[in-house]
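Asker: Here you go, coords.tsv (TSV, C-alpha atoms):
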chain	number	residue	atom	x	y	z
A	7	MET	CA	0.00	0.00	0.00
A	8	ALA	CA	2.70	2.43	1.00
A	9	THR	CA	4.72	1.47	-2.07
A	10	ASN	CA	1.91	2.63	-4.34
A	11	ASP	CA	1.91	6.02	-2.63
A	12	ARG	CA	5.66	6.46	-2.93
A	13	THR	CA	6.68	9.36	-5.18
A	14	ASP	CA	9.45	9.36	-7.79
A	15	THR	CA	11.84	10.79	-5.22
A	16	GLY	CA	11.12	7.96	-2.79
A	17	HIS	CA	9.21	10.24	-0.41
A	18	VAL	CA	6.22	8.53	1.20
A	19	PRO	CA	3.40	11.07	1.48
A	20	THR	CA	1.93	11.61	4.93
A	21	PRO	CA	-1.85	11.22	5.24
A	22	PHE	CA	-2.06	15.01	5.20
A	23	GLU	CA	-0.05	15.25	1.97
A	24	SER	CA	-2.07	12.50	0.36
A	25	LEU	CA	-5.34	14.22	1.07
A	26	VAL	CA	-4.43	17.85	0.72
A	27	SER	CA	-1.44	18.40	-1.50
A	28	HIS	CA	-2.87	18.15	-4.99
A	29	CYS	CA	-4.73	20.86	-6.82
A	30	SER	CA	-4.88	22.11	-10.38
A	31	ALA	CA	-3.58	25.51	-11.40
A	32	GLU	CA	-7.13	26.46	-12.32
A	33	THR	CA	-8.53	25.64	-8.88
A	34	MET	CA	-5.61	27.42	-7.21
A	35	ALA	CA	-6.24	30.52	-9.30
A	36	ALA	CA	-9.93	30.45	-8.43
A	37	ALA	CA	-9.14	30.25	-4.70
A	38	ARG	CA	-6.60	33.08	-4.92
A	39	THR	CA	-9.14	35.29	-6.70
A	40	LEU	CA	-11.69	34.51	-4.00
A	41	PHE	CA	-9.34	35.42	-1.17
A	42	ALA	CA	-8.16	38.59	-2.91
A	43	GLY	CA	-11.71	39.83	-3.42
A	44	ALA	CA	-13.09	39.05	0.03
A	45	ASP	CA	-14.45	41.89	2.15
A	46	PRO	CA	-14.16	41.11	5.89
A	47	GLU	CA	-16.68	43.88	6.67
A	48	THR	CA	-19.41	41.61	5.28
A	49	PHE	CA	-18.59	38.71	7.61
A	50	GLU	CA	-21.13	38.10	10.36
A	51	GLU	CA	-21.65	34.99	12.45
A	52	GLY	CA	-24.90	33.26	11.63
A	53	PHE	CA	-25.11	34.67	8.11
A	54	GLU	CA	-23.73	33.75	4.73
A	55	ASN	CA	-21.85	36.28	2.64
A	56	ASP	CA	-20.56	36.39	-0.91
A	57	PHE	CA	-17.18	34.97	0.10
A	58	SER	CA	-18.66	32.08	2.08
A	59	ARG	CA	-21.05	31.18	-0.72
A	60	ARG	CA	-18.18	31.08	-3.19
A	61	ILE	CA	-15.97	29.04	-0.84
A	62	VAL	CA	-18.75	26.48	-0.47
A	63	ALA	CA	-19.35	26.46	-4.24
A	64	LEU	CA	-15.64	25.95	-4.94
A	65	VAL	CA	-15.47	22.93	-2.61
A	66	ASN	CA	-18.67	21.50	-4.04
A	67	GLN	CA	-17.30	21.91	-7.55
A	68	SER	CA	-13.67	20.86	-7.11
A	69	GLY	CA	-13.73	18.71	-3.96
A	70	ALA	CA	-10.41	17.94	-2.27
A	71	GLN	CA	-8.55	20.05	-4.82
A	72	ALA	CA	-10.45	23.10	-3.61
A	73	VAL	CA	-9.68	22.18	0.01
A	74	SER	CA	-6.01	22.00	-0.91
A	75	ALA	CA	-6.15	25.37	-2.69
A	76	ILE	CA	-7.90	27.00	0.28
A	77	HIS	CA	-5.29	25.53	2.60
A	78	GLN	CA	-2.50	27.04	0.50
A	79	CYS	CA	-4.23	30.45	0.52
A	80	VAL	CA	-4.67	30.32	4.31
A	81	ALA	CA	-1.02	29.35	4.76
A	82	ALA	CA	0.28	32.18	2.54
A	83	PRO	CA	2.31	34.70	4.58
A	84	ASP	CA	0.33	37.70	3.30
A	85	VAL	CA	-3.13	36.28	3.95
A	86	ASN	CA	-5.68	38.56	5.65
A	87	PRO	CA	-6.31	36.75	8.96
A	88	ASP	CA	-10.03	37.65	8.99
A	89	VAL	CA	-10.48	36.21	5.49
A	90	ALA	CA	-8.53	33.08	6.38
A	91	ALA	CA	-10.59	32.59	9.54
A	92	GLU	CA	-13.84	32.98	7.61
A	93	ALA	CA	-12.69	30.39	5.06
A	94	LEU	CA	-11.88	27.93	7.85
A	95	ARG	CA	-15.22	28.49	9.55
A	96	TRP	CA	-16.96	27.58	6.32
A	97	LEU	CA	-14.73	24.57	5.68
A	98	GLY	CA	-16.25	23.25	8.90
A	99	HIS	CA	-19.79	24.15	7.87
A	100	ILE	CA	-19.78	22.35	4.53
A	101	GLU	CA	-21.72	19.11	4.50
A	102	ASP	CA	-19.79	16.89	2.11
A	103	ALA	CA	-18.62	13.47	3.24
A	104	ALA	CA	-16.20	13.15	0.31
A	105	THR	CA	-14.02	16.02	1.56
A	106	SER	CA	-14.58	15.77	5.30
A	107	ASP	CA	-11.23	14.04	6.00
A	108	ALA	CA	-9.30	16.62	3.99
A	109	ARG	CA	-11.19	19.51	5.57
A	110	CYS	CA	-10.58	18.08	9.03
A	111	LEU	CA	-6.83	17.77	8.36
A	112	VAL	CA	-6.60	21.32	7.04
A	113	LEU	CA	-8.44	22.68	10.06
A	114	GLU	CA	-6.22	20.70	12.44
A	115	SER	CA	-3.09	21.97	10.68
A	116	CYS	CA	-4.27	25.56	11.17
A	117	LEU	CA	-4.45	25.15	14.95
A	118	SER	CA	-0.77	26.13	14.96
A	119	HIS	CA	-1.08	29.11	12.59
A	120	PRO	CA	0.78	32.21	13.84
A	121	SER	CA	-2.39	34.36	13.78
A	122	THR	CA	-4.79	34.09	16.73
A	123	SER	CA	-7.69	34.93	14.42
A	124	VAL	CA	-6.80	32.10	12.05
A	125	ARG	CA	-6.45	29.61	14.91
A	126	TYR	CA	-9.84	30.79	16.16
A	127	GLY	CA	-11.35	30.13	12.72
A	128	ALA	CA	-9.85	26.64	12.77
A	129	ILE	CA	-11.36	25.93	16.20
A	130	LEU	CA	-14.78	27.11	15.01
A	131	GLY	CA	-14.49	25.00	11.87
A	132	LEU	CA	-13.61	21.92	13.89
A	133	GLY	CA	-16.53	22.70	16.19
A	134	TYR	CA	-18.88	22.61	13.23
A	135	LEU	CA	-17.36	19.38	11.88
A	136	GLU	CA	-17.80	17.70	15.29
A	137	ASP	CA	-15.40	14.89	14.39
A	138	ILE	CA	-14.11	13.10	17.48
A	139	ARG	CA	-11.01	12.09	15.53
A	140	SER	CA	-9.83	15.68	16.04
A	141	LEU	CA	-9.49	15.18	19.79
A	142	PRO	CA	-5.74	14.37	19.78
A	143	ALA	CA	-4.96	17.46	17.66
A	144	LEU	CA	-7.12	19.63	19.88
A	145	ARG	CA	-5.39	18.34	23.03
A	146	ARG	CA	-2.00	19.10	21.51
A	147	ALA	CA	-3.21	22.57	20.57
A	148	VAL	CA	-4.20	23.32	24.18
A	149	ASP	CA	-0.62	22.64	25.29
A	150	GLY	CA	0.83	25.06	22.75
A	151	GLU	CA	-1.84	27.77	22.84
A	152	LYS	CA	-0.85	31.15	24.32
A	153	SER	CA	-4.20	32.94	24.05
A	154	HIS	CA	-6.28	32.57	27.19
A	155	ALA	CA	-9.44	32.91	25.11
A	156	LEU	CA	-8.45	30.17	22.68
A	157	VAL	CA	-7.44	27.80	25.47
A	158	SER	CA	-10.94	28.27	26.82
A	159	ASP	CA	-12.47	27.61	23.37
A	160	LEU	CA	-10.30	24.52	22.84
A	161	ARG	CA	-11.25	23.08	26.23
A	162	HIS	CA	-14.89	23.81	25.54
A	163	LEU	CA	-14.69	21.99	22.21
A	164	ILE	CA	-12.76	19.04	23.67
A	165	ALA	CA	-15.37	18.63	26.42
A	166	HIS	CA	-18.13	18.84	23.81
A	167	LEU	CA	-16.55	16.18	21.58
A	168	GLU	CA	-15.75	13.89	24.51
A	169	LYS	CA	-19.44	13.84	25.37
A	170	GLN	CA	-20.13	12.45	21.92
A	171	ARG	CA	-17.77	9.49	22.18
B	4	MET	CA	-29.15	40.99	41.33
B	5	PRO	CA	-29.82	40.78	37.59
B	6	ARG	CA	-26.97	40.76	35.11
B	7	TYR	CA	-27.15	41.99	31.54
B	8	LEU	CA	-26.00	39.80	28.69
B	9	ARG	CA	-24.33	41.11	25.56
B	10	PHE	CA	-23.70	38.77	22.62
B	11	ILE	CA	-20.20	39.38	21.28
B	12	ARG	CA	-18.06	38.52	18.28
B	13	LYS	CA	-15.10	37.06	20.10
B	14	SER	CA	-12.64	37.30	17.22
B	15	GLN	CA	-12.70	41.10	17.51
B	16	TYR	CA	-10.95	40.98	20.86
B	17	PHE	CA	-7.91	38.79	20.21
B	18	GLY	CA	-4.44	40.29	20.45
B	19	ASP	CA	-3.70	40.82	16.76
B	20	LYS	CA	-7.18	42.03	15.83
B	21	TRP	CA	-7.42	44.27	18.89
B	22	ALA	CA	-4.04	45.84	18.12
B	23	GLU	CA	-5.21	46.55	14.55
B	24	LEU	CA	-8.43	48.18	15.79
B	25	VAL	CA	-6.60	50.34	18.33
B	26	ARG	CA	-4.00	51.36	15.74
B	27	GLU	CA	-6.73	52.41	13.30
B	28	GLY	CA	-8.96	53.99	15.96
B	29	ARG	CA	-11.86	51.67	15.11
B	30	LEU	CA	-14.41	49.95	17.31
B	31	PRO	CA	-14.94	46.18	17.26
B	32	SER	CA	-17.59	45.38	14.65
B	33	ASP	CA	-19.96	43.97	17.27
B	34	LEU	CA	-20.14	47.35	19.06
B	35	ARG	CA	-21.41	49.26	16.09
B	36	PRO	CA	-25.09	50.23	16.47
B	37	ASP	CA	-27.39	47.20	16.42
B	38	ARG	CA	-30.10	48.95	14.44
B	39	PRO	CA	-29.75	51.45	11.61
B	40	SER	CA	-32.33	53.79	13.19
B	41	ASN	CA	-30.32	54.60	16.33
B	42	ARG	CA	-26.98	54.18	18.08
B	43	HIS	CA	-28.27	52.10	20.99
B	44	LEU	CA	-26.79	48.76	22.03
B	45	SER	CA	-28.83	45.68	22.95
B	46	PHE	CA	-28.58	43.73	26.19
B	47	TRP	CA	-30.68	40.97	27.72
B	48	GLU	CA	-31.63	40.83	31.39
B	49	LEU	CA	-30.73	37.57	33.10
B	50	ASP	CA	-32.16	36.49	36.43
B	51	ASP	CA	-29.88	35.26	39.21
B	52	ARG	CA	-30.27	31.59	38.32
B	53	GLN	CA	-30.04	32.31	34.59
B	54	THR	CA	-33.30	30.46	33.93
B	55	ARG	CA	-33.95	32.79	30.97
B	56	LEU	CA	-30.64	32.11	29.27
B	57	ARG	CA	-31.81	29.39	26.89
B	58	ARG	CA	-34.85	31.39	25.77
B	59	ILE	CA	-32.72	34.47	25.21
B	60	VAL	CA	-30.18	32.49	23.18
B	61	ALA	CA	-33.01	30.99	21.13
B	62	ALA	CA	-34.67	34.38	20.53
B	63	PHE	CA	-31.35	35.90	19.47
B	64	SER	CA	-30.41	32.96	17.26
B	65	GLU	CA	-33.78	32.68	15.57
B	66	VAL	CA	-33.13	35.87	13.59
B	67	ARG	CA	-29.91	34.45	12.16
B	68	ALA	CA	-29.93	32.78	8.75
B	69	HIS	CA	-28.63	29.57	10.29
B	70	PRO	CA	-27.85	28.49	13.85
B	71	GLU	CA	-24.28	28.93	15.05
B	72	HIS	CA	-22.52	29.04	18.39
B	73	VAL	CA	-22.94	32.17	20.52
B	74	ASP	CA	-20.42	33.96	22.73
B	75	TYR	CA	-21.59	36.33	25.44
B	76	VAL	CA	-20.47	38.36	28.43
B	77	LEU	CA	-22.37	39.71	31.44
B	78	PHE	CA	-22.43	43.20	32.96
B	79	SER	CA	-24.04	44.96	35.91
B	80	ALA	CA	-26.57	47.74	35.31
B	81	GLU	CA	-24.36	50.09	37.35
B	82	PHE	CA	-21.47	49.67	34.94
B	83	LEU	CA	-23.65	50.09	31.85
B	84	ARG	CA	-25.40	53.22	33.14
B	85	GLN	CA	-22.08	55.06	33.15
B	86	LEU	CA	-21.57	54.49	29.43
B	87	GLY	CA	-24.53	56.29	27.85
B	88	ARG	CA	-27.48	58.62	28.35
B	89	ASP	CA	-29.60	55.87	29.88
B	90	PHE	CA	-29.85	52.13	30.32
B	91	ARG	CA	-33.43	50.96	30.23
B	92	GLN	CA	-35.87	48.22	29.33
B	93	ALA	CA	-36.69	48.48	25.61
B	94	PRO	CA	-39.17	46.03	24.08
B	95	VAL	CA	-38.06	44.54	20.80
B	96	GLU	CA	-39.83	42.23	18.36
B	97	THR	CA	-38.66	38.65	18.53
B	98	LEU	CA	-40.38	35.34	17.88
B	99	ASP	CA	-40.33	34.81	21.65
B	100	VAL	CA	-42.62	37.65	22.62
B	101	ARG	CA	-41.95	37.48	26.34
B	102	ALA	CA	-38.21	37.57	25.84
B	103	GLY	CA	-38.43	40.57	23.53
B	104	ARG	CA	-40.94	42.51	25.63
B	105	LYS	CA	-39.71	41.76	29.11
B	106	TRP	CA	-36.01	41.00	29.03
B	107	HIS	CA	-34.55	43.17	26.31
B	108	TRP	CA	-32.73	46.32	27.44
B	109	GLU	CA	-30.84	49.03	25.62
B	110	LEU	CA	-27.90	51.24	26.37
B	111	ILE	CA	-29.13	54.55	25.02
B	112	ASP	CA	-26.79	56.77	23.01
B	113	PRO	CA	-23.52	55.41	24.32
B	114	THR	CA	-20.76	57.98	23.99
B	115	ASP	CA	-17.67	57.18	21.94
B	116	ASP	CA	-15.74	56.92	25.20
B	117	GLY	CA	-18.50	54.68	26.57
B	118	ARG	CA	-18.23	52.34	23.60
B	119	MET	CA	-14.47	52.19	24.00
B	120	GLU	CA	-14.82	51.45	27.71
B	121	LEU	CA	-17.30	48.70	26.90
B	122	ALA	CA	-14.92	47.31	24.27
B	123	SER	CA	-12.02	47.36	26.75
B	124	SER	CA	-14.14	45.60	29.32
B	125	ILE	CA	-15.15	42.88	26.84
B	126	ARG	CA	-11.53	42.52	25.74
B	127	GLN	CA	-10.56	42.01	29.39
B	128	MET	CA	-13.22	39.32	29.80
B	129	VAL	CA	-12.27	37.56	26.56
B	130	GLU	CA	-8.50	37.58	26.76
B	131	VAL	CA	-7.63	37.99	30.44
B	132	SER	CA	-10.24	36.90	32.94
B	133	GLY	CA	-11.88	34.22	30.79
B	134	GLU	CA	-15.39	35.44	31.68
B	135	ALA	CA	-16.69	35.24	28.12
B	136	THR	CA	-18.96	32.23	27.75
B	137	ARG	CA	-19.61	30.09	24.69
B	138	MET	CA	-22.63	28.02	23.85
B	139	ALA	CA	-21.88	25.47	21.10
B	140	LYS	CA	-23.94	25.29	17.92
B	141	SER	CA	-25.57	22.01	18.92
B	142	GLU	CA	-26.63	23.53	22.24
B	143	VAL	CA	-28.03	26.59	20.47
B	144	ILE	CA	-30.07	24.28	18.23
B	145	ALA	CA	-31.31	22.48	21.35
B	146	CYS	CA	-32.38	25.84	22.84
B	147	ILE	CA	-34.30	26.74	19.67
B	148	ASN	CA	-36.02	23.36	19.59
B	149	GLU	CA	-36.97	23.62	23.27
B	150	CYS	CA	-38.56	26.99	22.65
B	151	ARG	CA	-40.40	25.75	19.59
B	152	ASN	CA	-41.68	22.70	21.46
B	153	ALA	CA	-42.80	24.86	24.38
B	154	SER	CA	-44.58	27.20	21.94
B	155	TYR	CA	-42.55	30.21	23.02
B	156	PHE	CA	-42.19	31.26	19.39
B	157	VAL	CA	-45.60	32.55	18.41
B	158	GLN	CA	-45.40	35.58	16.16
B	159	GLU	CA	-49.18	36.05	16.17
B	160	TRP	CA	-49.08	37.12	19.82
B	161	ALA	CA	-46.91	40.05	18.90
B	162	ASP	CA	-49.11	40.96	15.95
B	163	GLN	CA	-52.39	40.75	17.85
B	164	GLY	CA	-51.22	41.96	21.25
B	165	GLU	CA	-52.55	38.87	22.98
B	166	ALA	CA	-51.67	38.03	26.55
B	167	LEU	CA	-48.40	36.27	27.15
B	168	ARG	CA	-48.29	32.75	28.46
B	169	PRO	CA	-47.40	32.59	32.11
B	170	GLU	CA	-43.71	32.05	32.67
B	171	GLU	CA	-42.82	28.50	33.53
Could you rewrite the structure in this file as C-alpha cells?
Answerer:
Amino acid sequence: MATNDRTDTGHVPTPFESLVSHCSAETMAAARTLFAGADPETFEEGFENDFSRRIVALVNQSGAQAVSAIHQCVAAPDVNPDVAAEALRWLGHIEDAATSDARCLVLESCLSHPSTSVRYGAILGLGYLEDIRSLPALRRAVDGEKSHALVSDLRHLIAHLEKQR
Amino acid sequence: MPRYLRFIRKSQYFGDKWAELVREGRLPSDLRPDRPSNRHLSFWELDDRQTRLRRIVAAFSEVRAHPEHVDYVLFSAEFLRQLGRDFRQAPVETLDVRAGRKWHWELIDPTDDGRMELASSIRQMVEVSGEATRMAKSEVIACINECRNASYFVQEWADQGEALRPEE
C-alpha cells in the first residue's frame, strides 16, 4: 500500500499530503481570486456572505482540490487573517462526506497558525465538523496555545466532543 | 441581582485584531449600532439563576440565517449606566414575545468613550479573565427546539397583542 503512494523521489506522502497536496492551477487561481476579493466587513456569524457562498461552491465543484487550494491560501504569509478565519469556519460548515477528512486535516493543521484569528477560525471550523477524531490534535493545541481565550475555546470543544464518544 | 448579557463577536478581541483596531482607531464590529435607526446597544436581562438564558439564546439565534454558536459576556446595570445617556428596558420584536418585551434592554446613546470602555471591558473578559462564555452550535439548536416545542415562538401574539403565556 505504502509502495503505491511512494513518489518518484522515494518520499512517502503523509496522510495530510495524500489528502491535501494536490490541486490544479485552475482551482488554485480560483481560490486566490476569492481570497483577494473578500471583504471582511461583510462577515457576520450566523449569516452567509458572498465569500462564504463562493468558498462552499468551490469545494462542491472541485472537492479535495479546492480544500487543498484553500489551505494554501490560508497558509500564505500575506493572507488577511479575517479572510482566512472565515474560510476555515466555512470549511467546517460544509456538509460533504467526500471532503470531510481533507477539511478536518486542514483545520487541524491551522491550529498552529501564527495568527490568533486564524487559529480561532480553525477551532470554530472543527466545532462545526464535530469529528471526534480531532481530539488528539485539539489536546496538543491546548498545550501550545498562548491565548487565554483560545485555550478556553479549545477546552470547551474538547469537552463537547468527549461527550459524543 | 440581575446581570445583563451582551452577545459578542469574540474574534474582535484577540491580540492581533485588537491591536489593529486600536491602531486604526476603530471599534470592534460587534459594538457598532445594532439597528440602523439609532446608536443604541442591545442587552438581555438575566435572572440570578439564569433560567432565561436558553430562551434568550433561542430568541437571538432565531433571527440568524442559520444556527451557530454564541459567545456572550455579562455586565451589571451600574457599569452600563455610566456608558450612555440611559440604560433601560426596551421592548423589541422577537419570535419569543416574552423575551423581547420583558427581558430586552438598551444602552441609550452610548458615547464614543463609553463604547471604547465597553470594548475594553469585553476585551478584558475575553483575553484575560476568561469570563466570556460560549454556547456550542448544537446547544443553540437544542435551545431553539426547546422553545419551539414549548410554543414560546408565536409571532401572532406580537401581531395581535394577545396576553403572554405565564412564565414556567
Asker: Under the rule that all atoms listed in the file are counted, which of B:Arg55, B:Lys140, B:Lys20, B:Arg29 is the nearest residue to Leu8 of chain B?
Answerer: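 When distances to Leu8 of chain B are compared using all atoms listed in the file, the smallest one comes from B:Arg55.
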Asker: Identify every residue of chain A that has at least one atom within 6 Å of any atom of chain B, counting all atoms listed in the file, and report the result as a list in words.
Answerer: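 Putting it all together, I get Gly52, Phe53, His154 and Ala155 of chain A.
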Asker: One decimal, Å: what's the distance from atom CA of Arg58 of chain B over to atom CA of Val157 of chain B, could you say?
Answerer: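 We find that atom CA of Arg58 of chain B and atom CA of Val157 of chain B lie 13.1 Å from each other.
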Asker: Find the spatial neighbours of segment 26-41 of chain A, counting all atoms listed in the file, within a cut-off of 9 Å - ignore same-chain residues fewer than 6 positions away - and output them as a PyMOL selection string.
Answerer: chain A and resi 57+60-61+64+68+70-80+85-86+89-90+93+108-109+111-112
Asker: Identify, on the basis of all atoms listed in the file, every residue whose closest approach to segment 125-132 of chain A does not exceed 7 Å; exclude the query and any residue fewer than 6 positions from it along the same chain; express the result as a list in words.
Answerer: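 Residues near the query, excluding close chain neighbours: Ala91, Glu92, Leu94, Arg95, Trp96, Leu97, Gly98, His99, Cys110, Leu113, Glu114, Cys116, Leu117, Ser118, His119, Leu156 and Leu160 of chain A.
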Asker: Enter the distance from atom CA of Leu49 of chain B to atom CA of Arg6 of chain B, in Å, rounded to one decimal.
Answerer: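 Computing it gives 5.3 Å between the two atoms.
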Asker: Compare A:Gln170, A:Thr122, A:Ser140, A:Thr20 by their minimum atom-to-atom distance to Ala22 of chain B, counting only C-alpha atoms, and give me the closest one.
Answerer: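 That would be A:Thr122, the residue with the smallest distance to Ala22 of chain B.
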